[in-house]
Every structure is written in C-alpha cells, then in structure tokens.
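Structure file structure-v7.pdb (PDB, C-alpha atoms) follows.
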ATOM      1  CA  MET A   2      18.182  23.853  -9.900  1.00  0.00           C
ATOM      2  CA  PRO A   3      16.599  20.697  -8.436  1.00  0.00           C
ATOM      3  CA  ARG A   4      16.385  17.550 -10.567  1.00  0.00           C
ATOM      4  CA  TYR A   5      13.417  15.211 -10.469  1.00  0.00           C
ATOM      5  CA  MET A   6      12.616  11.720 -11.678  1.00  0.00           C
ATOM      6  CA  THR A   7       9.488   9.641 -11.885  1.00  0.00           C
ATOM      7  CA  ILE A   8       9.345   6.180 -10.378  1.00  0.00           C
ATOM      8  CA  SER A   9       6.599   3.924 -11.694  1.00  0.00           C
ATOM      9  CA  LEU A  10       5.031   0.562 -11.125  1.00  0.00           C
ATOM     10  CA  GLU A  11       4.016   0.159 -14.756  1.00  0.00           C
ATOM     11  CA  LYS A  12       1.455  -2.669 -14.579  1.00  0.00           C
ATOM     12  CA  ARG A  13      -0.324  -1.034 -11.650  1.00  0.00           C
ATOM     13  CA  GLY A  14      -0.261   2.375 -13.381  1.00  0.00           C
ATOM     14  CA  VAL A  15       1.123   4.219 -10.361  1.00  0.00           C
ATOM     15  CA  SER A  16       3.931   6.792 -10.336  1.00  0.00           C
ATOM     16  CA  CYS A  17       5.548   9.135  -7.889  1.00  0.00           C
ATOM     17  CA  VAL A  18       8.038  11.978  -8.228  1.00  0.00           C
ATOM     18  CA  ALA A  19      11.388  12.040  -6.432  1.00  0.00           C
ATOM     19  CA  GLU A  20      13.811  14.928  -6.032  1.00  0.00           C
ATOM     20  CA  LEU A  21      17.482  14.063  -6.357  1.00  0.00           C
ATOM     21  CA  LEU A  22      19.592  14.977  -3.328  1.00  0.00           C
ATOM     22  CA  ASP A  23      22.478  16.467  -5.298  1.00  0.00           C
ATOM     23  CA  LYS A  24      24.016  18.196  -2.257  1.00  0.00           C
ATOM     24  CA  ASP A  25      23.986  15.044  -0.096  1.00  0.00           C
ATOM     25  CA  ALA A  26      24.870  12.379  -2.676  1.00  0.00           C
ATOM     26  CA  PRO A  27      26.326  14.142  -5.743  1.00  0.00           C
ATOM     27  CA  ARG A  28      28.251  11.154  -7.176  1.00  0.00           C
ATOM     28  CA  THR A  29      25.305   8.776  -6.839  1.00  0.00           C
ATOM     29  CA  CYS A  30      22.864  11.329  -8.267  1.00  0.00           C
ATOM     30  CA  GLU A  31      25.079  11.935 -11.280  1.00  0.00           C
ATOM     31  CA  ALA A  32      25.613   8.211 -11.920  1.00  0.00           C
ATOM     32  CA  VAL A  33      21.881   7.445 -11.749  1.00  0.00           C
ATOM     33  CA  TRP A  34      20.764  10.532 -13.695  1.00  0.00           C
ATOM     34  CA  ALA A  35      23.194   9.825 -16.544  1.00  0.00           C
ATOM     35  CA  ALA A  36      21.910   6.238 -16.787  1.00  0.00           C
ATOM     36  CA  LEU A  37      18.149   6.937 -16.768  1.00  0.00           C
ATOM     37  CA  PRO A  38      15.823   5.400 -17.755  1.00  0.00           C
ATOM     38  CA  GLN A  39      16.460   2.297 -15.656  1.00  0.00           C
ATOM     39  CA  GLY A  40      14.136  -0.422 -14.510  1.00  0.00           C
ATOM     40  CA  GLY A  41      13.428  -4.066 -14.133  1.00  0.00           C
ATOM     41  CA  ASP A  42      11.235  -6.668 -12.547  1.00  0.00           C
ATOM     42  CA  VAL A  43       9.991  -5.485  -9.174  1.00  0.00           C
ATOM     43  CA  TYR A  44      10.739  -7.397  -5.996  1.00  0.00           C
ATOM     44  CA  HIS A  45       9.500  -6.784  -2.482  1.00  0.00           C
ATOM     45  CA  ALA A  46      12.095  -6.991   0.277  1.00  0.00           C
ATOM     46  CA  LYS A  47      12.109  -9.988   2.578  1.00  0.00           C
ATOM     47  CA  TYR A  48      14.188  -8.506   5.396  1.00  0.00           C
ATOM     48  CA  ALA A  49      14.184  -4.727   5.079  1.00  0.00           C
ATOM     49  CA  ARG A  50      10.397  -4.528   5.488  1.00  0.00           C
ATOM     50  CA  ASN A  51       8.729  -1.744   3.427  1.00  0.00           C
ATOM     51  CA  GLU A  52      10.910  -1.767   0.311  1.00  0.00           C
ATOM     52  CA  VAL A  53      10.447  -2.525  -3.370  1.00  0.00           C
ATOM     53  CA  TYR A  54      13.391  -2.678  -5.724  1.00  0.00           C
ATOM     54  CA  ALA A  55      14.655  -3.573  -9.175  1.00  0.00           C
ATOM     55  CA  MET A  56      18.044  -5.117  -9.926  1.00  0.00           C
ATOM     56  CA  VAL A  57      19.826  -3.653 -12.953  1.00  0.00           C
ATOM     57  CA  PRO A  58      23.261  -4.204 -14.495  1.00  0.00           C
ATOM     58  CA  ARG A  59      26.005  -1.876 -13.324  1.00  0.00           C
ATOM     59  CA  PHE A  60      25.826   1.357 -15.294  1.00  0.00           C
ATOM     60  CA  ALA A  61      28.384   3.775 -13.829  1.00  0.00           C
ATOM     61  CA  ALA A  62      31.821   4.052 -15.396  1.00  0.00           C
ATOM     62  CA  GLU A  63      33.071   4.429 -11.821  1.00  0.00           C
ATOM     63  CA  GLU A  64      31.067   3.319  -8.781  1.00  0.00           C
ATOM     64  CA  PRO A  65      30.111   6.315  -6.627  1.00  0.00           C
ATOM     65  CA  GLY A  66      31.076   4.630  -3.363  1.00  0.00           C
ATOM     66  CA  GLN A  67      29.273   5.323  -0.126  1.00  0.00           C
ATOM     67  CA  GLU A  68      27.691   8.728   0.362  1.00  0.00           C
ATOM     68  CA  ASN A  69      24.721   9.739   2.458  1.00  0.00           C
ATOM     69  CA  PRO A  70      24.469   6.125   3.668  1.00  0.00           C
ATOM     70  CA  THR A  71      21.741   4.694   5.865  1.00  0.00           C
ATOM     71  CA  VAL A  72      20.725   1.391   7.406  1.00  0.00           C
ATOM     72  CA  THR A  73      17.410   2.853   8.640  1.00  0.00           C
ATOM     73  CA  PRO A  74      15.642   4.313   5.587  1.00  0.00           C
ATOM     74  CA  ILE A  75      12.450   6.264   6.122  1.00  0.00           C
ATOM     75  CA  PRO A  76       9.302   6.467   3.979  1.00  0.00           C
ATOM     76  CA  GLY A  77      10.083   8.233   0.711  1.00  0.00           C
ATOM     77  CA  ASP A  78      13.798   7.388   0.671  1.00  0.00           C
ATOM     78  CA  VAL A  79      15.156   6.344  -2.737  1.00  0.00           C
ATOM     79  CA  VAL A  80      18.270   4.245  -2.219  1.00  0.00           C
ATOM     80  CA  TYR A  81      21.146   2.936  -4.366  1.00  0.00           C
ATOM     81  CA  PHE A  82      22.923  -0.295  -3.473  1.00  0.00           C
ATOM     82  CA  SER A  83      25.902  -1.731  -5.331  1.00  0.00           C
ATOM     83  CA  PHE A  84      26.434  -5.459  -4.851  1.00  0.00           C
ATOM     84  CA  PRO A  85      29.526  -7.251  -6.152  1.00  0.00           C
ATOM     85  CA  GLY A  86      28.691 -10.631  -7.669  1.00  0.00           C
ATOM     86  CA  GLY A  87      30.367 -12.553  -4.862  1.00  0.00           C
ATOM     87  CA  MET A  88      28.212 -10.894  -2.222  1.00  0.00           C
ATOM     88  CA  LEU A  89      24.982 -12.375  -3.538  1.00  0.00           C
ATOM     89  CA  ASP A  90      23.852 -15.925  -2.907  1.00  0.00           C
ATOM     90  CA  ARG A  91      24.052 -18.276  -5.941  1.00  0.00           C
ATOM     91  CA  ARG A  92      20.392 -19.286  -5.709  1.00  0.00           C
ATOM     92  CA  PHE A  93      19.320 -15.642  -5.404  1.00  0.00           C
ATOM     93  CA  LYS A  94      21.353 -14.693  -8.512  1.00  0.00           C
ATOM     94  CA  GLU A  95      19.923 -17.603 -10.508  1.00  0.00           C
ATOM     95  CA  GLU A  96      16.365 -16.799  -9.400  1.00  0.00           C
ATOM     96  CA  LYS A  97      16.752 -13.164 -10.481  1.00  0.00           C
ATOM     97  CA  GLY A  98      18.540 -14.058 -13.745  1.00  0.00           C
ATOM     98  CA  ILE A  99      21.655 -12.090 -12.793  1.00  0.00           C
ATOM     99  CA  ASP A 100      24.062 -14.964 -12.197  1.00  0.00           C
ATOM    100  CA  ALA A 101      26.281 -14.062 -15.189  1.00  0.00           C
ATOM    101  CA  LEU A 102      26.802 -10.437 -14.078  1.00  0.00           C
ATOM    102  CA  PRO A 103      29.924  -9.395 -12.109  1.00  0.00           C
ATOM    103  CA  GLY A 104      27.683  -7.378  -9.823  1.00  0.00           C
ATOM    104  CA  VAL A 105      24.392  -5.517  -9.827  1.00  0.00           C
ATOM    105  CA  ILE A 106      22.807  -2.258  -8.799  1.00  0.00           C
ATOM    106  CA  ASP A 107      19.717  -2.394  -6.617  1.00  0.00           C
ATOM    107  CA  LEU A 108      17.481   0.665  -7.086  1.00  0.00           C
ATOM    108  CA  ALA A 109      15.028   0.748  -4.197  1.00  0.00           C
ATOM    109  CA  ILE A 110      12.267   2.838  -2.718  1.00  0.00           C
ATOM    110  CA  PHE A 111      11.040   2.692   0.857  1.00  0.00           C
ATOM    111  CA  TYR A 112       7.357   3.324   1.386  1.00  0.00           C
ATOM    112  CA  GLY A 113       6.698   2.750   5.076  1.00  0.00           C
ATOM    113  CA  ARG A 114       8.257   3.042   8.530  1.00  0.00           C
ATOM    114  CA  ASN A 115      10.441   0.769  10.640  1.00  0.00           C
ATOM    115  CA  ASN A 116      12.910  -0.405   7.994  1.00  0.00           C
ATOM    116  CA  LEU A 117      16.221  -1.956   8.985  1.00  0.00           C
ATOM    117  CA  LEU A 118      18.885  -2.926   6.455  1.00  0.00           C
ATOM    118  CA  LEU A 119      20.227  -5.987   8.231  1.00  0.00           C
ATOM    119  CA  ASN A 120      20.813  -9.238   6.347  1.00  0.00           C
ATOM    120  CA  GLY A 121      21.236 -12.340   8.478  1.00  0.00           C
ATOM    121  CA  ASP A 122      23.951 -13.725   6.191  1.00  0.00           C
ATOM    122  CA  ILE A 123      26.185 -10.683   5.827  1.00  0.00           C
ATOM    123  CA  GLY A 124      25.159  -8.124   8.453  1.00  0.00           C
ATOM    124  CA  TRP A 125      24.451  -4.439   7.890  1.00  0.00           C
ATOM    125  CA  VAL A 126      23.763  -3.378   4.297  1.00  0.00           C
ATOM    126  CA  PRO A 127      24.098   0.412   4.042  1.00  0.00           C
ATOM    127  CA  GLY A 128      22.691   2.100   0.952  1.00  0.00           C
ATOM    128  CA  ASN A 129      23.093   5.582  -0.524  1.00  0.00           C
ATOM    129  CA  VAL A 130      20.014   7.771  -0.084  1.00  0.00           C
ATOM    130  CA  TYR A 131      20.156   9.813  -3.285  1.00  0.00           C
ATOM    131  CA  ALA A 132      16.557  11.016  -3.696  1.00  0.00           C
ATOM    132  CA  THR A 133      13.380  11.556  -1.746  1.00  0.00           C
ATOM    133  CA  ILE A 134       9.803  11.103  -2.930  1.00  0.00           C
ATOM    134  CA  VAL A 135       8.135  14.521  -2.932  1.00  0.00           C
ATOM    135  CA  ASP A 136       4.830  13.736  -4.665  1.00  0.00           C
ATOM    136  CA  GLY A 137       2.665  10.634  -4.838  1.00  0.00           C
ATOM    137  CA  LEU A 138       4.055   8.634  -1.919  1.00  0.00           C
ATOM    138  CA  ALA A 139       0.628   7.580  -0.577  1.00  0.00           C
ATOM    139  CA  PRO A 140      -0.643   5.932  -3.805  1.00  0.00           C
ATOM    140  CA  MET A 141       2.817   4.451  -4.439  1.00  0.00           C
ATOM    141  CA  ALA A 142       2.860   3.011  -0.902  1.00  0.00           C
ATOM    142  CA  GLU A 143      -0.544   1.432  -1.496  1.00  0.00           C
ATOM    143  CA  ALA A 144       0.695  -0.116  -4.762  1.00  0.00           C
ATOM    144  CA  CYS A 145       3.922  -1.316  -3.098  1.00  0.00           C
ATOM    145  CA  ASN A 146       1.897  -2.943  -0.342  1.00  0.00           C
ATOM    146  CA  ASP A 147      -0.114  -4.665  -3.073  1.00  0.00           C
ATOM    147  CA  VAL A 148       3.162  -6.038  -4.476  1.00  0.00           C
ATOM    148  CA  TRP A 149       3.754  -7.507  -1.008  1.00  0.00           C
ATOM    149  CA  ARG A 150       0.237  -8.970  -0.738  1.00  0.00           C
ATOM    150  CA  SER A 151      -0.489  -9.963  -4.359  1.00  0.00           C
ATOM    151  CA  GLY A 152       3.004 -10.489  -5.767  1.00  0.00           C
ATOM    152  CA  GLY A 153       5.165  -8.749  -8.312  1.00  0.00           C
ATOM    153  CA  VAL A 154       5.044 -11.198 -11.220  1.00  0.00           C
ATOM    154  CA  GLY A 155       4.805  -9.208 -14.441  1.00  0.00           C
ATOM    155  CA  GLU A 156       5.352  -5.869 -12.685  1.00  0.00           C
ATOM    156  CA  ARG A 157       8.239  -3.507 -13.485  1.00  0.00           C
ATOM    157  CA  LEU A 158       9.727  -0.727 -11.384  1.00  0.00           C
ATOM    158  CA  VAL A 159      10.959   2.012 -13.722  1.00  0.00           C
ATOM    159  CA  TYR A 160      12.943   5.215 -13.061  1.00  0.00           C
ATOM    160  CA  ARG A 161      12.878   8.076 -15.608  1.00  0.00           C
ATOM    161  CA  CYS A 162      14.124  11.667 -15.795  1.00  0.00           C
ATOM    162  CA  LEU A 163      11.429  14.269 -15.281  1.00  0.00           C
ATOM    163  CA  GLU A 164      12.388  17.288 -17.386  1.00  0.00           C
TER     164      GLU A 164
END
What's the structure tokens form of this structure?
Amino acid sequence: MPRYMTISLEKRGVSCVAELLDKDAPRTCEAVWAALPQGGDVYHAKYARNEVYAMVPRFAAEEPGQENPTVTPIPGDVVYFSFPGGMLDRRFKEEKGIDALPGVIDLAIFYGRNNLLLNGDIGWVPGNVYATIVDGLAPMAEACNDVWRSGGVGERLVYRCLE
C-alpha cells in the first residue's frame, strides 16, 4: 500500500502530494514517516539550482545511510540529506540557528530541471531520493520560484503524513 505525504509552503498556501518510494529507499522512508510532521524555515538553494529545503534536528534513532542516492535530482524529487555538524560552515550554522546541533537533516524538494548537487567547498553532495511529487508540482514550482525571487523570510516548508 503506497504512503503519501503533503509538502506545504504555509505562508504561500501551496501544497503538493508526494508518494514515498518504500521499495527504493525503505530505511529513509521509515525514518521520515515515523518523524512526521517535520518542517522549518524555508531556504532556496544557492548551488543546486531549483531546490527549496528546511533544516531540522536529527530525528532518526539510527541514520538510514545512503540509499537511492543522486547528485542530479529531477523535478518532483524529494530528497533527504544528513549533515554532520563538522561538515557545515560555521557562518552557515550561525545564520540558520543550528550551530549548537551535532548535525542536521535537510529535507528538500526539487521543482525544476538541471540540478547538480556539487558544493565548491566539499564536492559532490549525494542525497537520498525517498519520495516523488505526484500531485501539485506545477503550483508548488511556481511558489518555490517565488521563494527564489521574493525571498523566504517568514515562510515555512512543512511535511505531513497524508492518511
């Protein structure tokens, strides 16, 4: 039986529905599903191109590790990144208010083409593709592009179970 979640930009009033890819990323799906709802301030990627994400504290009792990884996400991909505290730049951690955490989880969605997960400081940054947006990608993409153009101050990206 497929599992679904909603992903929302709350201030903009836009949501989409994503299907979890339980066969491709079972450990990541289970870790995320058990921890929903999750969300935080939205940020638009600087390097990856068409990505919005929220940083949240680590929530899994045991990190899922890499499964179904990509460095070239496509539109509709929902991706999980786990960053140890030492991997993130001090200024970045202070700016995001996560400097006291031992590491963070980055929950991201990709809404357009031509994405490349390459960071100039550390190299390739593979993420686990654990869900795909199956409904509402077009309005979500428009809202995500507005985050890029207008900014994300006051906006939250929130993930919830859809029962």
For this session: Please identify all polymer residues within 9 Å of segment 31-46 of chain A, counting only C-alpha atoms, omitting same-chain residues fewer than 4 positions from it, and present them as a count of residues only.
Result: 40
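Shortest atom-to-atom contact with Leu138 of chain A among A:Pro58, A:Gly113, A:Pro85, A:Gly121: A:Gly113, counting all atoms listed in the file.
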Exercise. Which of these, A:Glu68, A:Val80, A:Asp147, A:Thr73, has the shortest distance to Asp25 of chain A once you count only C-alpha atoms?
Worked result: A:Glu68
Problem set entry | Separation of atom CA of Ser16 of chain A from atom CA of Met141 of chain A, in Å and rounded to one decimal | 6.4 Å
Problem set entry | From A:Gly98, A:Gly104, A:Gly77, A:Pro3, residue lying nearest Cys30 of chain A [all atoms listed in the file] | A:Pro3
Would you compute the box with edges along x, y and z of the file around segment 44-51 of chain A, including every atom the file lists for it and 6 Å extra on each side, and give its centre and edge lengths in Å to one decimal, as JSON?
{"center_x": 11.5, "center_y": -5.9, "center_z": -0.3, "size_x": 17.5, "size_y": 20.2, "size_z": 23.5}
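Among A:Asp90, A:Lys12, A:Asn129, A:Ile123, the residue with the shortest atom-to-atom distance to Asp107 of chain A, counting only C-alpha atoms, is A:Asn129.
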Problem set entry | Distance query Gly124 of chain A at most 12 Å, only C-alpha atoms, self and fewer than 6 positions along chain excluded, as a ChimeraX atom specification | /A:48-49,72,88,117-118
Now that the selection is made, can you save its residues with C-alpha atoms as a PDB file, keeping the file's coordinate frame?
ATOM      1  CA  TYR A  48      14.188  -8.506   5.396  1.00  0.00           C
ATOM      2  CA  ALA A  49      14.184  -4.727   5.079  1.00  0.00           C
ATOM      3  CA  VAL A  72      20.725   1.391   7.406  1.00  0.00           C
ATOM      4  CA  MET A  88      28.212 -10.894  -2.222  1.00  0.00           C
ATOM      5  CA  LEU A 117      16.221  -1.956   8.985  1.00  0.00           C
ATOM      6  CA  LEU A 118      18.885  -2.926   6.455  1.00  0.00           C
TER       7      LEU A 118
END
For this session: Using atom CA of Glu96 of chain A and atom CA of Ile110 of chain A as the two end points, give the distance in Å to one decimal.
Result: 21.1 Å
Problem set entry | Option closest in space to Ala19 of chain A, from A:Leu119, A:Val130, A:Ala144, A:Ile99 [counting all atoms listed in the file] |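 Among the listed residues, A:Val130 lies closest to Ala19 of chain A.
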Problem set entry | Among listed residues A:Asp78, A:Val135, A:Pro140, A:Ser151, nearest Gly14 of chain A (using all atoms listed in the file) |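 Among the listed residues, the smallest separation from Gly14 of chain A belongs to A:Pro140.
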For this session: State, in Å with one decimal place, the distance from atom CA of Tyr112 of chain A to atom CA of Val15 of chain A.
Result: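 Here the two named atoms are 13.3 Å from each other.
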